[in-house]
file structure-v9.cif (mmCIF, C-alpha atoms and all ligand atoms)
data_work
#
loop_
_atom_site.label_atom_id
_atom_site.label_comp_id
_atom_site.auth_asym_id
_atom_site.auth_seq_id
_atom_site.Cartn_x
_atom_site.Cartn_y
_atom_site.Cartn_z
CA MET D 1 -13.77 -22.98 0.97
CA LYS D 2 -13.64 -19.55 -0.71
CA LYS D 3 -10.67 -18.94 -3.01
CA ILE D 4 -8.75 -15.70 -3.32
CA VAL D 5 -6.12 -14.38 -5.71
CA ILE D 6 -3.69 -11.77 -4.39
CA THR D 7 -1.35 -10.17 -6.93
CA GLY D 8 1.75 -8.74 -5.30
CA ALA D 9 1.50 -11.37 -2.53
CA ALA D 10 5.27 -11.38 -1.86
CA GLY D 11 5.30 -7.66 -1.08
CA PHE D 12 4.92 -5.81 2.19
CA ILE D 13 1.13 -5.34 2.15
CA GLY D 14 0.33 -8.39 -0.01
CA SER D 15 2.10 -10.82 2.34
CA ASN D 16 0.44 -9.36 5.44
CA LEU D 17 -2.92 -9.59 3.68
CA THR D 18 -2.18 -13.19 2.64
CA ASP D 19 -1.48 -14.20 6.25
CA ARG D 20 -4.65 -12.60 7.50
CA LEU D 21 -6.90 -14.13 4.82
CA ILE D 22 -5.47 -17.62 5.41
CA ASN D 23 -6.11 -17.13 9.14
CA GLU D 24 -9.69 -16.16 8.31
CA GLY D 25 -10.16 -19.52 6.53
CA PHE D 26 -9.65 -18.66 2.86
CA PHE D 27 -7.48 -20.42 0.26
CA VAL D 28 -5.03 -17.94 -1.26
CA TYR D 29 -3.27 -18.03 -4.63
CA GLY D 30 -0.41 -15.56 -4.29
CA ILE D 31 0.90 -14.23 -7.59
CA ASP D 32 4.15 -12.29 -7.78
CA ASN D 33 7.12 -11.87 -10.12
CA LEU D 34 9.34 -10.79 -7.19
CA ILE D 35 10.43 -7.54 -8.86
CA THR D 36 10.26 -5.68 -5.53
CA GLY D 37 8.89 -8.38 -3.23
CA SER D 38 10.64 -11.33 -1.61
CA LEU D 39 9.83 -15.00 -1.05
CA ASP D 40 11.16 -14.50 2.50
CA ASN D 41 7.83 -12.77 3.20
CA LEU D 42 6.00 -16.01 2.34
CA SER D 43 8.50 -18.69 3.43
CA HIS D 44 6.46 -19.54 6.56
CA LEU D 45 3.60 -20.60 4.22
CA SER D 46 5.63 -23.01 2.08
CA SER D 47 3.90 -26.08 3.53
CA ASP D 48 0.51 -24.46 4.16
CA ASN D 49 -2.24 -26.38 2.32
CA ASN D 50 -4.27 -23.20 1.98
CA PHE D 51 -1.62 -21.31 0.04
CA ASP D 52 -0.23 -21.65 -3.46
CA PHE D 53 2.51 -19.35 -4.78
CA ILE D 54 2.57 -18.61 -8.51
CA ASN D 55 5.68 -16.89 -9.85
CA HIS D 56 4.12 -14.87 -12.65
CA ASP D 57 4.26 -11.41 -14.17
CA VAL D 58 0.71 -10.05 -14.09
CA THR D 59 1.28 -8.05 -17.27
CA LYS D 60 1.02 -11.46 -18.96
CA HIS D 61 -2.34 -13.24 -19.14
CA ILE D 62 -3.39 -14.63 -15.74
CA ASP D 63 -4.92 -18.07 -15.91
CA ILE D 64 -6.20 -19.96 -12.88
CA LYS D 65 -8.30 -23.06 -13.40
CA ASP D 66 -10.00 -22.95 -10.01
CA LYS D 67 -13.16 -20.91 -9.37
CA ILE D 68 -12.10 -17.66 -7.67
CA ASP D 69 -14.29 -15.63 -5.29
CA TYR D 70 -12.15 -12.52 -4.67
CA ILE D 71 -9.24 -10.90 -6.50
CA PHE D 72 -6.97 -8.37 -4.80
CA HIS D 73 -4.81 -6.44 -7.24
CA PHE D 74 -1.83 -5.26 -5.17
CA ALA D 75 1.03 -5.88 -7.63
CA SER D 76 2.97 -2.67 -8.22
CA PRO D 77 6.28 -1.26 -7.07
CA ALA D 78 5.21 1.21 -4.38
CA SER D 79 8.15 3.08 -2.88
CA PRO D 80 9.58 6.01 -4.88
CA ILE D 81 13.01 4.32 -5.06
CA ASP D 82 11.38 1.24 -6.62
CA TYR D 83 9.06 2.93 -9.08
CA LEU D 84 11.77 5.33 -10.25
CA LYS D 85 14.02 2.30 -10.85
CA TYR D 86 11.22 0.43 -12.66
CA PRO D 87 9.13 3.14 -14.35
CA ILE D 88 7.74 1.21 -17.30
CA GLN D 89 7.20 -1.93 -15.19
CA THR D 90 5.22 0.17 -12.68
CA LEU D 91 2.98 1.67 -15.35
CA LYS D 92 2.43 -1.79 -16.85
CA ALA D 93 1.86 -3.62 -13.52
CA ASN D 94 -1.01 -1.25 -12.78
CA ALA D 95 -2.48 -0.66 -16.22
CA ILE D 96 -1.95 -3.98 -18.01
CA GLY D 97 -1.64 -6.12 -14.86
CA GLY D 98 -4.74 -4.47 -13.45
CA HIS D 99 -6.63 -5.09 -16.66
CA ASN D 100 -5.60 -8.77 -16.63
CA ALA D 101 -6.72 -9.08 -12.99
CA LEU D 102 -10.05 -7.44 -13.86
CA GLY D 103 -10.43 -9.94 -16.71
CA LEU D 104 -9.91 -12.83 -14.28
CA ALA D 105 -12.47 -11.28 -11.92
CA LYS D 106 -15.00 -10.91 -14.75
CA LYS D 107 -14.48 -14.49 -15.89
CA ASN D 108 -15.14 -15.73 -12.34
CA ASN D 109 -17.76 -13.13 -11.43
CA ALA D 110 -15.45 -12.48 -8.47
CA LYS D 111 -15.26 -9.36 -6.35
CA PHE D 112 -12.27 -7.18 -7.36
CA ILE D 113 -10.37 -5.09 -4.81
CA LEU D 114 -7.85 -2.55 -6.09
CA ALA D 115 -4.92 -1.17 -4.10
CA SER D 116 -4.88 2.47 -5.14
CA THR D 117 -3.06 5.24 -3.36
CA SER D 118 -3.22 8.68 -1.81
CA GLU D 119 -0.78 9.63 -4.60
CA VAL D 120 -3.80 10.00 -6.92
CA TYR D 121 -4.23 13.36 -5.14
CA GLY D 122 -0.70 14.38 -6.22
CA ASP D 123 0.50 17.50 -4.37
CA PRO D 124 -2.93 18.32 -2.95
CA LEU D 125 -4.32 21.86 -2.89
CA VAL D 126 -7.12 20.71 -0.58
CA HIS D 127 -6.44 19.52 2.93
CA PRO D 128 -7.24 16.97 4.28
CA GLN D 129 -8.00 15.00 1.14
CA LYS D 130 -11.53 13.71 0.65
CA GLU D 131 -12.34 11.10 -1.99
CA SER D 132 -14.25 13.76 -3.95
CA TYR D 133 -11.04 15.80 -4.49
CA TYR D 134 -9.72 15.26 -8.04
CA GLY D 135 -6.08 15.90 -7.18
CA ASN D 136 -3.20 18.02 -8.40
CA VAL D 137 -1.00 15.76 -10.48
CA ASN D 138 1.71 16.62 -12.98
CA PRO D 139 1.00 14.05 -15.72
CA ILE D 140 4.64 13.95 -16.86
CA GLY D 141 6.45 14.69 -13.58
CA PRO D 142 8.77 12.14 -11.94
CA ARG D 143 5.99 10.75 -9.73
CA SER D 144 3.54 10.50 -12.63
CA ILE D 145 4.77 6.95 -13.30
CA TYR D 146 2.97 5.87 -10.18
CA ASP D 147 0.24 8.49 -9.79
CA GLU D 148 -1.07 8.28 -13.34
CA ALA D 149 -0.84 4.47 -13.38
CA LYS D 150 -3.12 4.35 -10.34
CA ARG D 151 -5.48 6.97 -11.76
CA PHE D 152 -5.78 4.94 -14.96
CA ILE D 153 -6.51 1.65 -13.18
CA GLU D 154 -9.06 3.34 -10.90
CA SER D 155 -10.85 4.50 -14.06
CA MET D 156 -10.63 1.01 -15.59
CA THR D 157 -11.95 -0.56 -12.36
CA ILE D 158 -14.95 1.77 -12.26
CA SER D 159 -15.59 1.07 -15.95
CA TYR D 160 -15.75 -2.68 -15.24
CA HIS D 161 -18.19 -1.91 -12.45
CA VAL D 162 -20.41 0.36 -14.56
CA TYR D 163 -20.29 -1.54 -17.87
CA HIS D 164 -19.79 -5.15 -16.73
CA LYS D 165 -21.56 -4.86 -13.34
CA LEU D 166 -18.46 -6.28 -11.66
CA ARG D 167 -18.41 -5.89 -7.88
CA VAL D 168 -15.39 -3.74 -7.04
CA SER D 169 -13.75 -1.84 -4.19
CA ILE D 170 -11.00 0.76 -4.55
CA VAL D 171 -8.79 1.41 -1.52
CA ARG D 172 -6.86 4.67 -1.62
CA ILE D 173 -4.09 3.64 0.76
CA PHE D 174 -2.23 6.41 2.60
CA ASN D 175 1.32 5.82 3.90
CA THR D 176 1.32 2.46 5.62
CA TYR D 177 4.13 0.87 7.60
CA GLY D 178 4.88 -2.23 9.62
CA PRO D 179 6.65 -5.60 9.57
CA ARG D 180 8.02 -6.67 6.14
CA MET D 181 8.51 -3.09 5.02
CA LYS D 182 11.96 -3.19 3.42
CA ILE D 183 14.68 -1.51 5.46
CA ASN D 184 16.28 -0.04 2.31
CA ASP D 185 13.19 1.06 0.43
CA GLY D 186 13.99 4.74 0.85
CA ARG D 187 10.80 5.63 2.71
CA VAL D 188 11.07 7.91 5.66
CA LEU D 189 10.46 5.47 8.55
CA PRO D 190 13.00 2.73 7.65
CA THR D 191 15.53 5.39 6.59
CA PHE D 192 15.26 7.33 9.85
CA ILE D 193 15.23 4.13 11.96
CA LYS D 194 18.43 2.89 10.32
CA GLN D 195 20.11 6.27 10.76
CA ALA D 196 18.93 6.64 14.38
CA VAL D 197 20.02 3.16 15.40
CA ASN D 198 23.51 3.81 14.03
CA ASN D 199 23.66 7.31 15.59
CA GLU D 200 24.12 8.74 12.09
CA ASP D 201 22.73 12.10 10.96
CA ILE D 202 19.01 11.90 10.18
CA THR D 203 18.49 13.34 6.71
CA VAL D 204 15.30 15.38 6.50
CA ASN D 205 14.25 16.61 3.04
CA GLY D 206 13.37 20.32 2.92
CA ASP D 207 12.83 22.04 6.26
CA GLY D 208 10.96 19.09 7.79
CA THR D 209 7.69 20.99 8.24
CA GLN D 210 6.01 18.93 5.52
CA THR D 211 3.49 16.49 6.95
CA ARG D 212 2.60 12.84 6.56
CA SER D 213 0.22 10.51 8.37
CA PHE D 214 1.20 6.90 8.94
CA CYS D 215 -1.12 3.94 9.25
CA TYR D 216 -0.02 0.70 10.92
CA ILE D 217 -0.42 -2.34 8.64
CA ASP D 218 -2.91 -4.17 10.92
CA ASP D 219 -5.31 -1.21 10.80
CA LEU D 220 -5.13 -1.16 6.98
CA ILE D 221 -5.75 -4.92 6.76
CA ASP D 222 -8.79 -4.62 9.09
CA ALA D 223 -10.28 -2.04 6.73
CA ILE D 224 -9.52 -4.11 3.62
CA LEU D 225 -11.26 -7.14 5.14
CA GLN D 226 -14.34 -5.08 5.82
CA LEU D 227 -14.29 -3.69 2.28
CA MET D 228 -14.25 -7.22 0.85
CA ASN D 229 -17.83 -7.64 1.91
CA SER D 230 -18.98 -4.09 1.34
CA GLU D 231 -21.19 -3.13 -1.58
CA TYR D 232 -19.51 0.29 -1.78
CA SER D 233 -17.76 0.51 -5.18
CA TYR D 234 -16.16 3.94 -5.27
CA PRO D 235 -12.74 4.96 -3.93
CA ILE D 236 -12.34 5.04 -0.19
CA ASN D 237 -9.44 6.52 1.80
CA ILE D 238 -7.77 4.25 4.31
CA GLY D 239 -4.97 5.55 6.49
CA ASN D 240 -4.40 7.30 9.76
CA ASP D 241 -5.39 10.93 10.20
CA ASP D 242 -2.87 11.68 12.93
CA GLU D 243 -0.83 14.21 10.92
CA VAL D 244 2.81 14.72 11.91
CA THR D 245 5.68 16.76 10.54
CA ILE D 246 8.78 14.99 9.33
CA ASN D 247 10.70 16.81 12.09
CA GLU D 248 8.36 15.30 14.72
CA ILE D 249 8.88 11.82 13.28
CA ALA D 250 12.66 12.22 13.46
CA GLY D 251 12.35 13.42 17.08
CA LEU D 252 10.07 10.53 18.06
CA LEU D 253 12.39 7.91 16.56
CA ILE D 254 15.44 9.49 18.22
CA SER D 255 13.61 9.18 21.54
CA ILE D 256 12.32 5.59 20.96
CA LEU D 257 15.81 4.42 19.96
CA LYS D 258 17.59 6.60 22.56
CA SER D 259 19.77 7.77 19.69
CA GLN D 260 22.53 10.40 19.59
CA SER D 261 21.66 11.31 15.97
CA LYS D 262 21.41 14.93 14.83
CA ILE D 263 18.94 16.12 12.20
CA ILE D 264 20.38 17.57 8.99
CA TYR D 265 18.38 19.13 6.15
CA THR D 266 18.69 18.27 2.45
CA GLN D 267 16.90 19.38 -0.72
CA LEU D 268 13.19 18.58 -1.14
CA PRO D 269 12.67 16.26 -4.15
CA GLU D 270 10.64 17.57 -7.10
CA ASP D 271 6.84 17.19 -6.75
CA ASP D 272 7.17 15.93 -3.15
CA PRO D 273 3.77 16.60 -1.53
CA LEU D 274 3.94 19.16 1.30
CA LYS D 275 0.89 17.90 3.15
CA ARG D 276 -0.68 14.49 3.32
CA LYS D 277 -3.58 13.59 5.57
CA PRO D 278 -6.62 11.48 4.75
CA ASP D 279 -10.13 12.60 5.41
CA LEU D 280 -11.47 9.33 6.85
CA SER D 281 -15.10 10.31 7.27
CA LEU D 282 -16.25 8.04 4.43
CA ALA D 283 -14.42 4.98 5.82
CA LYS D 284 -15.83 5.70 9.28
CA LYS D 285 -19.36 5.99 7.87
CA ILE D 286 -19.33 3.09 5.39
CA LEU D 287 -17.14 0.60 7.25
CA ASN D 288 -17.53 1.83 10.80
CA TRP D 289 -13.73 1.60 10.89
CA ASN D 290 -11.15 3.66 12.74
CA PRO D 291 -7.36 3.22 12.89
CA LYS D 292 -6.47 2.00 16.38
CA ILE D 293 -2.69 1.85 16.57
CA SER D 294 -0.89 5.05 17.57
CA LYS D 295 2.37 6.12 15.96
CA GLU D 296 4.21 5.64 19.27
CA GLU D 297 2.97 2.02 19.48
CA GLY D 298 3.40 1.26 15.76
CA PHE D 299 6.88 2.75 15.42
CA LYS D 300 8.02 0.58 18.35
CA LEU D 301 6.56 -2.53 16.66
CA LEU D 302 8.42 -1.71 13.44
CA VAL D 303 11.70 -1.20 15.31
CA GLU D 304 11.16 -4.55 17.11
CA TYR D 305 10.59 -6.29 13.77
CA TYR D 306 13.81 -4.89 12.30
CA LYS D 307 15.76 -5.85 15.43
CA LYS D 308 14.30 -9.37 15.59
CA ASN D 309 15.22 -9.99 11.96
CA ASN D 310 18.72 -8.50 12.38
CA LEU D 311 17.93 -5.80 9.84
CA ILE D 312 19.25 -3.02 12.08
N1 LIG M 401 2.97 0.76 1.30
C1 LIG M 401 2.21 1.83 1.19
O1 LIG M 401 2.26 2.72 2.05
C2 LIG M 401 1.23 1.96 0.05
C3 LIG M 401 0.53 3.17 -0.06
C4 LIG M 401 -0.38 3.29 -1.11
C5 LIG M 401 -0.62 2.25 -1.99
N2 LIG M 401 0.09 1.10 -1.86
C6 LIG M 401 -0.18 0.04 -2.85
O2 LIG M 401 -0.25 -1.23 -2.22
C7 LIG M 401 0.28 -2.24 -3.08
C8 LIG M 401 1.37 -3.00 -2.36
O3 LIG M 401 2.42 -2.10 -1.97
P1 LIG M 401 3.63 -2.56 -1.06
O4 LIG M 401 4.01 -1.41 -0.20
O5 LIG M 401 3.33 -3.87 -0.46
O6 LIG M 401 4.78 -2.70 -2.16
P2 LIG M 401 5.79 -3.93 -2.43
O7 LIG M 401 6.76 -3.44 -3.45
O8 LIG M 401 6.32 -4.43 -1.15
O9 LIG M 401 4.82 -5.02 -3.04
C9 LIG M 401 4.41 -5.02 -4.38
C10 LIG M 401 4.52 -6.44 -4.89
O10 LIG M 401 4.07 -6.48 -6.25
C11 LIG M 401 4.95 -7.33 -6.98
N3 LIG M 401 4.86 -6.97 -8.41
C12 LIG M 401 5.16 -5.78 -9.00
N4 LIG M 401 4.97 -5.85 -10.32
C13 LIG M 401 4.52 -7.10 -10.59
C14 LIG M 401 4.14 -7.78 -11.77
N5 LIG M 401 4.19 -7.19 -12.98
N6 LIG M 401 3.71 -9.05 -11.68
C15 LIG M 401 3.64 -9.68 -10.47
N7 LIG M 401 4.00 -9.09 -9.31
C16 LIG M 401 4.44 -7.82 -9.37
C17 LIG M 401 6.31 -7.06 -6.37
O11 LIG M 401 7.27 -8.06 -6.64
C18 LIG M 401 5.96 -6.96 -4.89
O12 LIG M 401 6.02 -8.21 -4.25
C19 LIG M 401 0.77 -1.52 -4.34
O13 LIG M 401 -0.22 -1.58 -5.33
C20 LIG M 401 0.93 -0.09 -3.88
O14 LIG M 401 0.80 0.82 -4.94
C21 LIG M 401 1.03 0.94 -0.88
#

call {"tool": "encode", "arguments": {"input": "structure-v9.cif", "output": "structure tokens"}}
result
Amino acid sequence: MKKIVITGAAGFIGSNLTDRLINEGFFVYGIDNLITGSLDNLSHLSSDNNFDFINHDVTKHIDIKDKIDYIFHFASPASPIDYLKYPIQTLKANAIGGHNALGLAKKNNAKFILASTSEVYGDPLVHPQKESYYGNVNPIGPRSIYDEAKRFIESMTISYHVYHKLRVSIVRIFNTYGPRMKINDGRVLPTFIKQAVNNEDITVNGDGTQTRSFCYIDDLIDAILQLMNSEYSYPINIGNDDEVTINEIAGLLISILKSQSKIIYTQLPEDDPLKRKPDLSLAKKILNWNPKISKEEGFKLLVEYYKKNNLI
């Protein structure tokens, strides 16, 4: 049986990835220090023989005695509320934690898969963003904690590939949503859903014409599973290219939830990107992958999850 290490396994994406890999017949070691994740996301696996949880901070040396075949480095606070609360921990989880995870991969000659982000493009001047775009990042701005941490660990990952011949994949994840996304993590979908369900004002930053594109978690996990076995080592965008304005998202959620909420406008945060849409041509070519779940379908699934778990 092939063995996998997932750092950040108690988080939103890490726990969904853990479930899927166990279902596919792998043994998973899930490592997490629970800084932003929760054991609730893994409680259903507590008696699963193919899962072992290790409560560990990845900025400290990672030691696993077993032979490991794949390492997924997903540990990092990811929502702006979290990384602004834990700035140094975020920089360290990516840079030092990523380096430790690469060391474990090298020791095992395992394939290393890095969760990077669309934030490496910063506030992009090119639209949509292709992997070849170098980005527009303020190296000391408020979001630099996250953006620069990911840019650094991408560079480290490629260096391990070039100098140590390690097999690597780098996934530049664009906004992803779905079950286990925290209701209070400050991101636009949970925030608007909570406001809409309570018929409170929906707070849109700026004038709401800024765009985002949202990928449902199952589509992201499909792409990650294909990347596991791909020989392609350079960054690859994964997301959904259905670009929507924040105003449209508010309107759609008001209609799904049959809400009485009104939209009000607040100040746009510093360095908030105005446009965000992946160019997915590389993923389509290399992985023959396309996102399948529409925003109408996915938003309903997220609302159902929150309702079922009494979170709204
Ligand atoms: N959710 C998105 O839309 C999105 C977009 C782009 C990239 N990503 C990346 O995907 C990964 C997972 O994001 P997520 O949305 O699931 O966030 P999350 O906060 O839900 O999960 C991150 C997990 O990492 C753990 N962690 C953080 N620092 C750690 C450390 N030092 N040691 C051990 N564990 C640690 C946290 O406790 C948490 O369980 C992150 O690397 C993030 O940057 C996410």

call {"tool": "residues_near_ligand", "arguments": {"input": "structure-v9.cif", "ligand": "ligand LIG 401 (chain M)", "cutoff": "7 Å", "atoms": "only C-alpha atoms and all ligand atoms", "output": "number ranges by chain"}}
result
D: 7-14, 31-38, 56-59, 73-79, 89-90, 92-93, 97, 115-118, 172-177, 181

call {"tool": "closest_atom_pairs", "arguments": {"input": "structure-v9.cif", "of": "region 132-247 of chain D", "to": "region 15-28 of chain D", "cutoff": "12 Å", "atoms": "only C-alpha atoms", "output": "Markdown table"}}
result
| residue | atom | partner | partner_atom | distance |
| --- | --- | --- | --- | --- |
| D:Thr176 | CA | D:Asn16 | CA | 11.9 |
| D:Tyr177 | CA | D:Asn16 | CA | 11.1 |
| D:Gly178 | CA | D:Asn16 | CA | 9.4 |
| D:Pro179 | CA | D:Asn16 | CA | 8.4 |
| D:Arg180 | CA | D:Asn16 | CA | 8.1 |
| D:Met181 | CA | D:Asn16 | CA | 10.2 |
| D:Tyr216 | CA | D:Asn16 | CA | 11.5 |
| D:Ile217 | CA | D:Asn16 | CA | 7.8 |
| D:Asp218 | CA | D:Asn16 | CA | 8.3 |
| D:Asp219 | CA | D:Leu17 | CA | 11.3 |
| D:Leu220 | CA | D:Leu17 | CA | 9.3 |
| D:Ile221 | CA | D:Leu17 | CA | 6.3 |
| D:Asp222 | CA | D:Arg20 | CA | 9.1 |
| D:Ala223 | CA | D:Leu17 | CA | 11.0 |
| D:Ile224 | CA | D:Leu17 | CA | 8.6 |
| D:Leu225 | CA | D:Leu21 | CA | 8.2 |
| D:Gln226 | CA | D:Leu21 | CA | 11.8 |
| D:Met228 | CA | D:Leu21 | CA | 10.8 |

call {"tool": "atom_distance", "arguments": {"input": "structure-v9.cif", "atom1": "CA of Ile68 (chain D)", "atom2": "CA of Asp40 (chain D)"}}
result
25.6 Å

call {"tool": "residues_around", "arguments": {"input": "structure-v9.cif", "residues": "Asn237 (chain D)", "least_positions_apart": "6", "cutoff": "12 Å", "atoms": "all atoms listed in the file", "output": "ChimeraX atom specification"}}
result
/D:115-121,128-133,169-175,215,220,223-224,227,276-287,289-291

call {"tool": "closest_residue", "arguments": {"input": "structure-v9.cif", "among": "D:Val197, D:Asp272, D:Pro235, D:Phe53", "to": "Glu304 (chain D)", "atoms": "all atoms listed in the file"}}
result
D:Val197

call {"tool": "closest_residue", "arguments": {"input": "structure-v9.cif", "among": "D:Glu154, D:Leu189, D:Val5, D:Phe51", "to": "Ala105 (chain D)", "atoms": "only C-alpha atoms"}}
result
D:Val5

call {"tool": "atom_distance", "arguments": {"input": "structure-v9.cif", "atom1": "CA of Ile254 (chain D)", "atom2": "CA of Lys275 (chain D)"}}
result
22.6 Å

call {"tool": "atom_distance", "arguments": {"input": "structure-v9.cif", "atom1": "CA of Phe152 (chain D)", "atom2": "CA of Val126 (chain D)"}}
result
21.4 Å

call {"tool": "closest_residue", "arguments": {"input": "structure-v9.cif", "among": "D:Leu301, D:Ile6, D:Ile62, D:Leu114", "to": "Met156 (chain D)", "atoms": "only C-alpha atoms"}}
result
D:Leu114

call {"tool": "closest_residue", "arguments": {"input": "structure-v9.cif", "among": "D:Pro87, D:Gly251, D:Gly206, D:Gly186", "to": "Tyr146 (chain D)", "atoms": "all atoms listed in the file"}}
result
D:Pro87

call {"tool": "closest_residue", "arguments": {"input": "structure-v9.cif", "among": "D:His44, D:His61, D:Lys194, D:His99", "to": "Ser261 (chain D)", "atoms": "all atoms listed in the file"}}
result
D:Lys194

call {"tool": "residues_around", "arguments": {"input": "structure-v9.cif", "residues": "Asp63 (chain D)", "least_positions_apart": "5", "cutoff": "10 Å", "atoms": "all atoms listed in the file", "output": "count of residues only"}}
result
5

call {"tool": "residues_near_point", "arguments": {"input": "structure-v9.cif", "point": "(14.9, -1.4, 5.2)", "cutoff": "10 Å", "atoms": "all atoms listed in the file", "output": "VMD selection string"}}
result
chain D and resid 180 to 187 189 to 194 306 311 to 312

call {"tool": "closest_residue", "arguments": {"input": "structure-v9.cif", "among": "D:Tyr265, D:Lys2, D:Gln195, D:His164", "to": "Gly208 (chain D)", "atoms": "only C-alpha atoms"}}
result
D:Tyr265

call {"tool": "residues_around", "arguments": {"input": "structure-v9.cif", "residues": "Asp66 (chain D)", "least_positions_apart": "2", "cutoff": "10 Å", "atoms": "only C-alpha atoms", "output": "PDB file with C-alpha atoms, in the coordinates of the input"}}
result
ATOM      1  CA  LYS D   3     -10.670 -18.940  -3.010  1.00  0.00           C
ATOM      2  CA  ILE D   4      -8.750 -15.700  -3.320  1.00  0.00           C
ATOM      3  CA  TYR D  29      -3.270 -18.030  -4.630  1.00  0.00           C
ATOM      4  CA  ASP D  63      -4.920 -18.070 -15.910  1.00  0.00           C
ATOM      5  CA  ILE D  64      -6.200 -19.960 -12.880  1.00  0.00           C
ATOM      6  CA  ILE D  68     -12.100 -17.660  -7.670  1.00  0.00           C
ATOM      7  CA  ASP D  69     -14.290 -15.630  -5.290  1.00  0.00           C
ATOM      8  CA  ASN D 108     -15.140 -15.730 -12.340  1.00  0.00           C
TER       9      ASN D 108
END
